[in-house]
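Peer 1: See data-v9.txt below, with compact mmCIF, C-alpha atoms.
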```txt
# COMPACT_ATOMS: atom_id res chain seq x y z
CA MET J 1 -23.90 26.58 -21.47
CA ASN J 2 -20.33 27.83 -21.00
CA THR J 3 -18.61 27.55 -24.38
CA PRO J 4 -14.89 28.25 -24.63
CA LYS J 5 -13.68 30.51 -27.44
CA ARG J 6 -12.84 28.35 -30.45
CA GLY J 7 -11.27 30.89 -32.76
CA SER J 8 -12.71 33.42 -35.12
CA THR J 9 -15.71 32.57 -37.23
CA SER J 10 -13.71 33.58 -40.32
CA GLU J 11 -11.69 30.36 -39.80
CA MET J 12 -14.85 28.24 -39.73
CA GLN J 13 -16.61 26.68 -42.69
CA VAL J 14 -20.25 27.37 -43.49
CA MET J 15 -22.75 24.54 -43.07
CA SER J 16 -26.39 24.98 -43.88
CA ILE J 17 -28.97 22.97 -41.96
CA ARG J 18 -32.73 23.19 -41.81
CA LEU J 19 -34.40 23.41 -38.41
CA GLU J 20 -38.01 23.34 -37.43
CA PRO J 21 -39.16 26.86 -36.47
CA GLU J 22 -39.83 25.76 -32.87
CA LEU J 23 -36.36 24.20 -32.55
CA LYS J 24 -34.69 27.34 -33.87
CA GLU J 25 -36.70 29.57 -31.52
CA ARG J 26 -36.09 27.36 -28.47
CA SER J 27 -32.36 27.26 -29.33
CA ARG J 28 -32.29 31.06 -29.42
CA GLU J 29 -34.04 31.24 -26.04
CA ILE J 30 -31.68 28.72 -24.43
CA SER J 31 -28.50 30.19 -25.89
CA GLY J 32 -29.10 33.72 -24.67
CA GLU J 33 -26.29 36.16 -25.48
CA GLN J 34 -23.92 33.53 -26.89
CA GLY J 35 -26.21 32.91 -29.87
CA TYR J 36 -27.84 29.76 -31.11
CA GLN J 37 -25.07 28.97 -33.63
CA THR J 38 -22.59 28.73 -30.76
CA LEU J 39 -25.02 26.51 -28.86
CA ILE J 40 -25.45 24.22 -31.86
CA ARG J 41 -21.66 24.02 -32.36
CA GLU J 42 -21.17 23.09 -28.69
CA VAL J 43 -23.86 20.39 -28.84
CA LEU J 44 -22.32 18.96 -32.02
CA TRP J 45 -18.83 18.98 -30.47
CA GLN J 46 -20.13 17.15 -27.40
CA PHE J 47 -21.77 14.55 -29.62
CA VAL J 48 -18.63 14.10 -31.74
CA ASP J 49 -16.43 13.83 -28.63
CA GLN J 50 -18.60 11.02 -27.24
CA GLN J 51 -18.27 8.86 -30.37
CA PRO J 52 -15.65 6.08 -30.37
CA MET J 53 -12.54 6.58 -32.45
CA PRO J 54 -11.66 3.90 -35.06
CA ASP J 55 -9.44 2.18 -32.44
CA GLY J 56 -12.42 1.94 -30.07
CA LYS J 57 -11.19 4.64 -27.70
CA ARG J 58 -12.85 7.94 -27.03
CA SER J 59 -11.20 11.16 -28.12
CA ARG J 60 -9.47 12.88 -25.21
CA VAL J 61 -7.03 15.13 -26.99
CA VAL J 62 -7.12 18.77 -27.99
CA LYS J 63 -8.52 19.02 -31.51
CA HIS J 64 -8.93 22.08 -33.65
CA GLY J 65 -8.06 24.37 -30.73
CA ARG J 66 -10.80 22.84 -28.58
CA LEU J 67 -9.93 21.83 -25.05
CA PRO J 68 -11.35 18.60 -23.62
CA ARG J 69 -14.19 19.06 -21.19
CA ARG J 70 -13.34 19.21 -17.48
CA GLY J 71 -15.72 19.17 -14.59
CA ASN J 72 -16.70 17.99 -11.14
CA CYS J 73 -15.38 14.46 -11.51
CA PHE J 74 -13.17 11.81 -9.93
CA ALA J 75 -10.15 12.81 -12.00
CA PRO J 76 -7.85 15.61 -10.83
CA LEU J 77 -8.43 18.88 -12.67
CA SER J 78 -5.08 18.48 -14.45
CA HIS J 79 -6.42 15.29 -16.07
CA PRO J 80 -8.51 15.93 -19.20
CA THR J 81 -11.89 14.29 -18.94
CA LEU J 82 -14.85 13.73 -21.16
CA LEU J 83 -17.57 13.38 -18.55
CA SER J 84 -18.26 14.75 -15.09
CA MET J 85 -20.65 13.69 -12.33
CA SER J 86 -23.13 16.29 -13.55
CA ASP J 87 -23.38 14.30 -16.81
CA ILE J 88 -24.56 11.16 -14.97
CA ARG J 89 -28.24 10.53 -14.14
CA ALA J 90 -27.86 7.10 -12.51
CA THR J 91 -25.28 4.38 -11.88
CA PHE J 92 -25.57 0.60 -11.94
CA ARG J 93 -23.12 -1.95 -10.55
CA ALA J 94 -21.77 -4.23 -13.28
CA ILE J 95 -18.96 -6.65 -14.15
CA ALA J 96 -16.80 -5.84 -17.16
CA GLN J 97 -16.97 -8.52 -19.85
CA GLN J 98 -14.11 -6.97 -21.80
CA GLU J 99 -11.49 -4.28 -21.24
CA GLU J 100 -13.14 -0.88 -20.79
CA ARG J 101 -11.93 2.63 -20.01
CA CYS J 102 -13.44 4.77 -17.29
CA ALA J 103 -15.32 7.71 -18.82
CA PHE J 104 -14.09 9.95 -15.97
CA THR J 105 -10.44 8.98 -15.60
CA ASP J 106 -9.58 6.97 -18.73
CA ARG J 107 -8.25 4.24 -16.41
CA ILE J 108 -8.44 0.70 -17.72
CA ILE J 109 -11.15 -1.54 -16.29
CA GLU J 110 -10.06 -5.18 -16.68
CA PRO J 111 -12.40 -8.00 -17.77
CA GLN J 112 -14.31 -9.52 -14.83
CA GLN J 113 -13.54 -6.44 -12.69
CA ILE J 114 -16.43 -4.82 -10.83
CA MET J 115 -17.33 -1.47 -12.34
CA TRP J 116 -20.23 0.95 -12.60
CA LEU J 117 -22.28 1.78 -15.65
CA GLY J 118 -23.29 5.42 -15.72
CA LEU J 119 -26.45 6.51 -17.50
CA THR J 120 -25.69 9.92 -19.02
CA ILE J 121 -28.16 12.74 -19.43
CA SER J 122 -28.14 11.92 -23.16
CA GLY J 123 -29.17 8.30 -22.47
CA GLU J 124 -25.78 6.69 -23.15
CA LEU J 125 -24.35 4.00 -20.84
CA VAL J 126 -20.67 4.63 -20.06
CA PRO J 127 -18.15 2.54 -18.07
CA LEU J 128 -17.04 3.97 -14.72
CA SER J 129 -14.25 2.71 -12.47
CA THR J 130 -15.06 1.90 -8.85
CA THR J 131 -11.79 3.47 -7.71
CA THR J 132 -10.72 7.09 -7.71
CA PRO J 133 -7.26 8.29 -8.75
CA ASP J 134 -4.58 8.58 -6.08
```
Kindly present the structure from the file in structure tokens form.

Peer 2:
Amino acid sequence: MNTPKRGSTSEMQVMSIRLEPELKERSREISGEQGYQTLIREVLWQFVDQQPMPDGKRSRVVKHGRLPRRGNCFAPLSHPTLLSMSDIRATFRAIAQQEERCAFTDRIIEPQQIMWLGLTISGELVPLSTTTPD
């Protein structure tokens, strides 16, 4: 997992959590040199970023010195994105029943417009536009 530098740990607050011994050990193995605390922070940030904001939109702005995720996606690299194609396990054709926003491009998908639903690696269904940016 490639985690960008988020600032010094002296600026962070301490949070104590209890983990099963196997989870802690597996986290250490997966995280390698970056350390399991960094891995856990990254996983938590990804989870928080995927949650809707109070206005129903997803967060796509820089928060707390953290850059939005970018990846191999339909949006140009200069466009901040939340998800990339590598986050999608499967896609399903669908028709929007209400206004949605593409999880790759943040473009609006109008009601009754054909769209895709993407099944993410975390099991979440996200709206995807059928068109790519110009």

Peer 1: Counting all atoms listed in the file, what is within 7 Å of Ser129 in chain J, bar same-chain residues fewer than 6 positions away, as a ChimeraX atom specification?

Peer 2: /J:102,109,115-116

Peer 1: Those same residues - C-alpha atoms - I'd like them written as a tab-separated table (two decimals), in the frame of the given file.

Peer 2:
```
chain	number	residue	atom	x	y	z
J	102	CYS	CA	-13.44	4.77	-17.29
J	109	ILE	CA	-11.15	-1.54	-16.29
J	115	MET	CA	-17.33	-1.47	-12.34
J	116	TRP	CA	-20.23	0.95	-12.60
```

Peer 1: Separation of CA of Asp87 in chain J and CA of Ser8 in chain J, in Å?

Peer 2: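 Between CA of Asp87 in chain J and CA of Ser8 in chain J the gap works out to 28.5 Å.
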
Peer 1: Just to confirm, what's the straight-line distance from CA of Arg89 in chain J to CA of Gly118 in chain J in Å (one decimal)?

Peer 2: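 Separation between CA of Arg89 in chain J and CA of Gly118 in chain J: 7.3 Å.
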
Peer 1: Rounded to one decimal, what separation in Å do you get between CA of Arg18 in chain J and CA of Asp49 in chain J?

Peer 2: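 Answer for the CA of Arg18 in chain J to CA of Asp49 in chain J separation: 23.0 Å.
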
Peer 1: Quick one: residues within 12 Å of Thr9 in chain J, all atoms listed in the file, excluding same-chain residues fewer than 5 positions away - as a ChimeraX atom specification?

Peer 2: /J:14,37-38,41

Peer 1: Tell me which of J:Glu99, J:Ile108, J:Lys24, J:Ser86 sits closest to Ile121 in chain J, counting only C-alpha atoms.

Peer 2: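 Checking each candidate against Ile121 in chain J, we get J:Ser86 as the closest.
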
Peer 1: Set the distance at 10 Å and use all atoms listed in the file: which residues neighbour Glu25 in chain J once local chain neighbours fewer than 6 positions away are removed? I'd like the list as a list in words.

Peer 2: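 After dropping sequence-adjacent residues, the list is Leu19, Ser31 and Tyr36 of chain J.
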